[in-house]
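Note: the block below is query_38.txt and it holds compact mmCIF, C-alpha atoms.
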```
# COMPACT_ATOMS: atom_id res chain seq x y z
CA MET A 1168 16.89 -103.31 -92.44
CA ASN A 1169 17.30 -103.00 -96.18
CA SER A 1170 15.79 -100.09 -98.08
CA ALA A 1171 12.64 -101.99 -99.04
CA ASP A 1172 11.89 -102.88 -95.42
CA CYS A 1173 12.63 -99.31 -94.32
CA PHE A 1174 10.25 -98.01 -96.98
CA LYS A 1175 7.50 -100.41 -95.94
CA LEU A 1176 7.84 -99.33 -92.31
CA ILE A 1177 7.58 -95.66 -93.25
CA ARG A 1178 4.69 -96.34 -95.61
CA SER A 1179 2.82 -97.99 -92.74
CA LYS A 1180 3.08 -94.74 -90.76
CA VAL A 1181 2.07 -92.42 -93.58
CA PRO A 1182 -1.64 -91.92 -94.41
CA ASP A 1183 -2.77 -93.18 -97.80
CA GLY A 1184 -3.41 -89.67 -99.10
CA VAL A 1185 0.17 -88.54 -98.49
CA LYS A 1186 2.78 -89.22 -101.18
CA ILE A 1187 6.30 -90.37 -100.33
CA VAL A 1188 9.16 -89.09 -102.45
CA ALA A 1189 12.06 -91.52 -102.01
CA VAL A 1190 15.04 -89.16 -102.11
CA SER A 1191 17.64 -91.15 -104.01
CA LYS A 1192 20.27 -88.44 -104.53
CA THR A 1193 23.85 -89.80 -104.42
CA LYS A 1194 22.52 -93.37 -104.36
CA PRO A 1195 23.37 -95.82 -107.16
CA ALA A 1196 20.77 -96.77 -109.73
CA ALA A 1197 20.87 -100.35 -108.42
CA MET A 1198 19.43 -99.25 -105.07
CA ILE A 1199 16.59 -97.43 -106.82
CA GLU A 1200 15.86 -100.44 -109.00
CA GLU A 1201 15.83 -102.74 -105.97
CA LEU A 1202 13.35 -100.57 -104.10
CA TYR A 1203 11.15 -100.30 -107.18
CA MET A 1204 11.20 -104.06 -107.79
CA LYS A 1205 10.54 -105.04 -104.17
CA THR A 1206 7.85 -102.45 -103.30
CA GLY A 1207 6.48 -101.09 -106.58
CA HIS A 1208 7.22 -97.57 -105.40
CA THR A 1209 7.61 -95.19 -108.35
CA ILE A 1210 8.24 -91.67 -106.96
CA PHE A 1211 11.92 -90.79 -106.60
CA GLY A 1212 13.62 -87.46 -106.01
CA GLU A 1213 17.00 -86.15 -107.14
CA ASN A 1214 18.78 -82.81 -106.67
CA LYS A 1215 21.35 -82.85 -109.51
CA ALA A 1216 20.03 -82.46 -113.05
CA ARG A 1217 22.74 -84.46 -114.82
CA GLU A 1218 22.59 -87.27 -112.26
CA LEU A 1219 18.82 -87.34 -112.63
CA GLU A 1220 19.12 -87.47 -116.42
CA SER A 1221 21.56 -90.37 -116.20
CA LYS A 1222 19.41 -92.39 -113.81
CA ARG A 1223 16.33 -91.78 -115.89
CA ASN A 1224 18.10 -93.08 -118.99
CA ASN A 1225 19.24 -96.24 -117.22
CA LEU A 1226 16.15 -97.21 -115.25
CA THR A 1227 12.58 -98.21 -116.01
CA LYS A 1228 10.41 -95.51 -117.52
CA ASP A 1229 7.73 -96.34 -114.93
CA ILE A 1230 9.56 -94.14 -112.41
CA ASN A 1231 8.14 -90.67 -111.77
CA TRP A 1232 11.13 -88.39 -111.25
CA HIS A 1233 10.88 -85.34 -109.00
CA PHE A 1234 13.52 -82.63 -108.87
CA LEU A 1235 14.42 -81.36 -105.40
CA GLY A 1236 16.95 -78.76 -104.33
CA HIS A 1237 18.24 -75.60 -105.94
CA LEU A 1238 17.84 -75.75 -109.73
CA GLN A 1239 20.20 -73.75 -111.93
CA SER A 1240 18.54 -72.30 -115.03
CA ASN A 1241 21.20 -73.71 -117.36
CA LYS A 1242 20.46 -77.25 -116.12
CA ILE A 1243 16.71 -77.26 -116.77
CA LYS A 1244 17.23 -78.55 -120.31
CA TYR A 1245 18.52 -81.87 -119.01
CA ILE A 1246 15.29 -82.74 -117.21
CA ALA A 1247 12.59 -80.72 -118.98
CA SER A 1248 11.41 -83.51 -121.27
CA PHE A 1249 10.48 -85.94 -118.50
CA VAL A 1250 10.51 -84.49 -114.98
CA GLU A 1251 7.24 -85.22 -113.21
CA LEU A 1252 7.42 -82.37 -110.69
CA ILE A 1253 9.90 -79.63 -109.82
CA HIS A 1254 9.59 -78.95 -106.08
CA SER A 1255 12.04 -76.10 -105.79
CA VAL A 1256 10.94 -73.13 -107.90
CA ASP A 1257 12.38 -70.32 -105.79
CA SER A 1258 12.26 -67.32 -108.15
CA PHE A 1259 10.15 -65.78 -110.92
CA ARG A 1260 13.14 -65.89 -113.26
CA LEU A 1261 13.56 -69.63 -112.73
CA LEU A 1262 9.89 -70.22 -113.47
CA GLN A 1263 10.24 -68.28 -116.72
CA GLU A 1264 13.26 -70.38 -117.71
CA ILE A 1265 11.38 -73.60 -116.94
CA ASN A 1266 8.56 -72.39 -119.17
CA LYS A 1267 11.02 -71.73 -122.02
CA GLU A 1268 12.41 -75.25 -121.85
CA ALA A 1269 8.92 -76.73 -121.54
CA VAL A 1270 7.92 -74.94 -124.77
CA LYS A 1271 10.86 -76.59 -126.56
CA CYS A 1272 9.66 -79.98 -125.30
CA ASN A 1273 6.03 -79.26 -126.15
CA ARG A 1274 4.84 -80.12 -122.66
CA VAL A 1275 3.56 -78.50 -119.48
CA ILE A 1276 5.88 -78.94 -116.50
CA PRO A 1277 4.26 -79.21 -113.05
CA CYS A 1278 5.97 -77.07 -110.41
CA LEU A 1279 5.79 -76.21 -106.74
CA LEU A 1280 6.65 -72.77 -105.39
CA GLN A 1281 9.34 -72.97 -102.74
CA LEU A 1282 8.50 -70.60 -99.91
CA TYR A 1283 10.99 -69.40 -97.35
CA ILE A 1284 9.77 -70.48 -93.91
CA ALA A 1285 13.01 -71.30 -92.06
CA LYS A 1286 15.22 -69.13 -89.89
CA GLU A 1287 18.33 -70.11 -91.85
CA ASP A 1288 20.22 -68.10 -94.45
CA THR A 1289 21.16 -71.25 -96.33
CA LYS A 1290 17.56 -71.93 -97.37
CA PHE A 1291 16.04 -70.59 -100.60
CA GLY A 1292 12.53 -69.49 -101.43
CA PHE A 1293 9.95 -66.83 -102.16
CA SER A 1294 8.39 -64.65 -99.51
CA ILE A 1295 4.60 -64.74 -99.66
CA ASP A 1296 4.60 -61.12 -100.85
CA GLU A 1297 6.91 -62.03 -103.73
CA VAL A 1298 4.60 -64.86 -104.74
CA ASN A 1299 1.56 -62.59 -104.74
CA GLN A 1300 3.40 -59.99 -106.79
CA MET A 1301 4.44 -62.63 -109.33
CA LEU A 1302 0.95 -64.09 -109.63
CA ASP A 1303 -0.42 -60.63 -110.43
CA ASP A 1304 2.22 -60.00 -113.10
CA LYS A 1305 1.02 -60.20 -116.72
CA VAL A 1306 4.26 -61.95 -117.64
CA PHE A 1307 3.40 -64.80 -115.27
CA GLN A 1308 -0.10 -65.06 -116.65
CA GLU A 1309 1.34 -65.65 -120.12
CA LEU A 1310 3.43 -68.66 -119.02
CA SER A 1311 1.45 -71.40 -120.73
CA ASN A 1312 3.85 -74.32 -120.30
CA ILE A 1313 4.11 -74.48 -116.52
CA SER A 1314 1.45 -75.57 -114.05
CA LEU A 1315 1.57 -74.67 -110.38
CA HIS A 1316 0.57 -77.63 -108.25
CA GLY A 1317 1.20 -76.19 -104.79
CA VAL A 1318 4.00 -75.17 -102.44
CA MET A 1319 7.15 -76.57 -100.89
CA GLY A 1320 9.12 -75.53 -97.83
CA MET A 1321 12.02 -76.60 -95.64
CA ALA A 1322 11.95 -76.10 -91.90
CA THR A 1323 14.91 -74.94 -89.86
CA PHE A 1324 17.40 -77.67 -88.94
CA THR A 1325 16.84 -77.59 -85.21
CA PRO A 1326 15.80 -79.92 -82.37
CA ASP A 1327 13.15 -77.36 -81.38
CA VAL A 1328 9.93 -79.18 -82.29
CA THR A 1329 7.82 -76.14 -81.48
CA GLN A 1330 9.71 -74.06 -84.03
CA ILE A 1331 9.51 -76.73 -86.71
CA ARG A 1332 5.78 -77.14 -86.15
CA SER A 1333 5.31 -73.38 -86.37
CA GLU A 1334 7.19 -73.19 -89.67
CA PHE A 1335 5.18 -76.06 -91.16
CA HIS A 1336 1.99 -74.39 -89.98
CA THR A 1337 3.11 -71.18 -91.69
CA LEU A 1338 3.55 -73.02 -95.00
CA PHE A 1339 0.12 -74.61 -94.62
CA ASN A 1340 -1.39 -71.16 -94.09
CA TYR A 1341 0.46 -69.79 -97.13
CA PHE A 1342 -0.91 -72.63 -99.24
CA ASN A 1343 -4.48 -71.95 -98.13
CA ALA A 1344 -4.11 -68.22 -98.71
CA LEU A 1345 -2.79 -68.77 -102.23
CA ARG A 1346 -5.45 -71.32 -103.04
CA THR A 1347 -8.17 -68.92 -101.90
CA ARG A 1348 -6.65 -65.91 -103.66
CA ASN A 1349 -5.56 -67.41 -106.97
CA PHE A 1350 -6.36 -71.11 -107.34
CA SER A 1351 -9.81 -71.68 -105.91
CA TYR A 1352 -11.01 -73.15 -109.23
CA ASP A 1353 -7.85 -75.12 -109.98
CA PRO A 1354 -7.92 -78.69 -108.64
CA LEU A 1355 -4.27 -79.19 -109.60
CA PHE A 1356 -3.14 -76.72 -106.92
CA CYS A 1357 -3.32 -79.28 -104.15
CA GLU A 1358 0.18 -80.20 -102.93
CA ILE A 1359 2.11 -79.17 -99.82
CA SER A 1360 5.58 -80.70 -99.98
CA MET A 1361 7.08 -80.53 -96.50
CA GLY A 1362 8.71 -82.94 -94.12
CA MET A 1363 11.83 -85.11 -94.37
CA THR A 1364 13.23 -88.13 -92.53
CA ASP A 1365 13.49 -86.46 -89.12
CA ASP A 1366 10.23 -84.52 -89.17
CA TYR A 1367 7.83 -86.08 -91.68
CA LEU A 1368 5.29 -87.20 -89.08
CA LEU A 1369 5.17 -83.67 -87.68
CA ALA A 1370 4.77 -82.28 -91.20
CA ILE A 1371 1.85 -84.64 -91.86
CA GLU A 1372 0.17 -83.44 -88.68
CA GLU A 1373 0.49 -79.90 -90.03
CA GLY A 1374 -1.06 -80.70 -93.41
CA SER A 1375 1.69 -82.08 -95.66
CA THR A 1376 0.49 -83.99 -98.72
CA MET A 1377 3.99 -85.03 -99.83
CA VAL A 1378 7.02 -85.99 -97.74
CA ARG A 1379 10.61 -86.25 -98.98
CA ILE A 1380 12.48 -89.10 -97.30
CA GLY A 1381 16.05 -90.08 -98.08
CA SER A 1382 18.16 -91.44 -95.22
CA GLY A 1383 15.09 -92.99 -93.59
CA ILE A 1384 14.81 -95.27 -96.63
CA PHE A 1385 18.30 -95.55 -98.09
CA GLY A 1386 20.46 -94.88 -95.05
CA GLY A 1387 23.11 -92.19 -94.75
CA ARG A 1388 25.28 -91.00 -97.62
```

Whole structure given in structure tokens:
Amino acid sequence: MNSADCFKLIRSKVPDGVKIVAVSKTKPAAMIEELYMKTGHTIFGENKARELESKRNNLTKDINWHFLGHLQSNKIKYIASFVELIHSVDSFRLLQEINKEAVKCNRVIPCLLQLYIAKEDTKFGFSIDEVNQMLDDKVFQELSNISLHGVMGMATFTPDVTQIRSEFHTLFNYFNALRTRNFSYDPLFCEISMGMTDDYLLAIEEGSTMVRIGSGIFGGR
């Protein structure tokens, strides 16, 4: 199947209220344009700031670009003026740097807090205690050019479905705890980004509102 047919098949399995981020990292702009033209899908995700900047400059402005993966503070400037959502805010310092670049662009940048839920050293993210400490910090409360829209997490790469489900459930519980503690009056804090090609259906069962699918749409690298 081509990428458009693959997308349509996945879309048929995903509830209407759950967003699909088509992870287009390493894929040529032509593949993104083809999927957009054939399906009307507009949410795409990239994990390299300069590659994202280049694709944005060469494709229709109707596309909503999401940044995924570890973001270096010195690369924020390349995406700050247009990025629709940064999924991978994994430190207080990074959030402060995003705010600085957002001020320069005179806009508010939506962000998700990446929480560490996996049993893998290669994954990044806050602990829930670190998030709570940050949210109580006066410095955070003065960040006027970022908006927290929810949480993101990556499960352990393992065939153990029970473990993956448990980690997704943990992220769902973290989201609810944060919403109750700090965002009960903020309707924008509503997203749980979890689930990829191999586990997105499981993630949806555990409360995901946004799944990130790359190879399931575009094929392998």

Item checked: Residue with smallest distance to Ile1380 in chain A - pool A:Pro1326, A:Gly1320, A:Gly1212, A:Gly1207, counting only C-alpha atoms -> A:Gly1212

Residues of range 1279-1361 of chain A within 10 Å of range 1233-1237 of chain A: nearest atom pair and distance (Å, one decimal) for each, counting only C-alpha atoms, sorted by chain and number, as CSV?
```
residue,atom,partner,partner_atom,distance
A:Gln1281,CA,A:Gly1236,CA,9.7
A:Lys1290,CA,A:His1237,CA,9.3
A:Phe1291,CA,A:His1237,CA,7.6
A:Gly1292,CA,A:His1237,CA,9.5
A:Met1319,CA,A:Leu1235,CA,9.8
```

Item checked: Residue nearest Ala1285 in chain A among A:Ile1331, A:Ala1247, A:Leu1252, A:Leu1261 (counting only C-alpha atoms) ->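 For Ala1285 in chain A, the nearest of the given residues is A:Ile1331.
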
Next item on the list: May I ask which of the residues A:Val1318, A:Met1168, A:Val1250, A:Ala1197 is the closest one to Ser1294 in chain A, counting all atoms listed in the file?
Entry: A:Val1318

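Within 12 Å of Asn1299 in chain A, once all atoms listed in the file are used and residues closer than 6 positions along the same chain are dropped, the contacting residues are Phe1259, Leu1280, Leu1282, Phe1293, Phe1307, Tyr1341, Phe1342, Ala1344, Leu1345, Arg1346, Thr1347, Arg1348, Asn1349 and Phe1350 of chain A.
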
Notebook entry, point to check: Which of these residues is nearest to Ile1276 in chain A, using all atoms listed in the file: A:Ser1360, A:Asn1225, A:Gln1263, A:Ser1333?
Noted result: A:Gln1263

Margin query: What does the structure give for the distance between CA of Lys1205 in chain A and CA of Asn1224 in chain A, in Å to one decimal?
Written below: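 Taking CA of Lys1205 in chain A as the start and CA of Asn1224 in chain A as the end point, the length is 20.5 Å.
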
Item checked: Separation of CA of Tyr1245 in chain A from CA of Arg1217 in chain A in Å ->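 Atom-to-atom, CA of Arg1217 in chain A to CA of Tyr1245 in chain A, that is 6.5 Å.
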
Notebook entry, point to check: Can you tell me how far CA of Ser1314 in chain A sits from CA of Pro1277 in chain A, in Å to one decimal?
Noted result: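 Interatomic distance, CA of Ser1314 in chain A to CA of Pro1277 in chain A: 4.7 Å.
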
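Across A:Leu1338, A:Leu1368, A:Glu1268, A:Asp1257, the tightest approach to Lys1244 in chain A is made by A:Glu1268 when counting only C-alpha atoms.
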
Margin query: Counting all atoms listed in the file, which residues sit no farther than 9 Å from the position (6.8, -83.3, -97.6) in the file's frame? I'd like them as an NGL selection string.
Written below: :A and (1185-1188 or 1319-1321 or 1359-1363 or 1367 or 1370-1371 or 1375-1380)

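Checking A:Glu1373, A:Asp1304, A:Glu1201, A:Glu1309 one by one against His1336 in chain A, counting only C-alpha atoms, you find the shortest gap at A:Glu1373.
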
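Using all atoms listed in the file, the contacts of Lys1192 in chain A at a cut-off of 9 Å, with sequence neighbours closer than 4 positions omitted, comprise Phe1211, Gly1212, Glu1213, Asn1214, Lys1215, Glu1218, Leu1219, Gly1381 and Arg1388 of chain A.
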
Up to 10 Å from (8.2, -96.1, -106.8) in the file's coordinates: name the residues, counting only C-alpha atoms, as a tab-separated table (two decimals) with C-alpha atoms, in the coordinates of the input.
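To be explicit, this is the file written out as point-v9.tsv:
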```
chain	number	residue	atom	x	y	z
A	1187	ILE	CA	6.30	-90.37	-100.33
A	1188	VAL	CA	9.16	-89.09	-102.45
A	1189	ALA	CA	12.06	-91.52	-102.01
A	1199	ILE	CA	16.59	-97.43	-106.82
A	1200	GLU	CA	15.86	-100.44	-109.00
A	1202	LEU	CA	13.35	-100.57	-104.10
A	1203	TYR	CA	11.15	-100.30	-107.18
A	1204	MET	CA	11.20	-104.06	-107.79
A	1205	LYS	CA	10.54	-105.04	-104.17
A	1206	THR	CA	7.85	-102.45	-103.30
A	1207	GLY	CA	6.48	-101.09	-106.58
A	1208	HIS	CA	7.22	-97.57	-105.40
A	1209	THR	CA	7.61	-95.19	-108.35
A	1210	ILE	CA	8.24	-91.67	-106.96
A	1211	PHE	CA	11.92	-90.79	-106.60
A	1229	ASP	CA	7.73	-96.34	-114.93
A	1230	ILE	CA	9.56	-94.14	-112.41
A	1231	ASN	CA	8.14	-90.67	-111.77
A	1232	TRP	CA	11.13	-88.39	-111.25
```
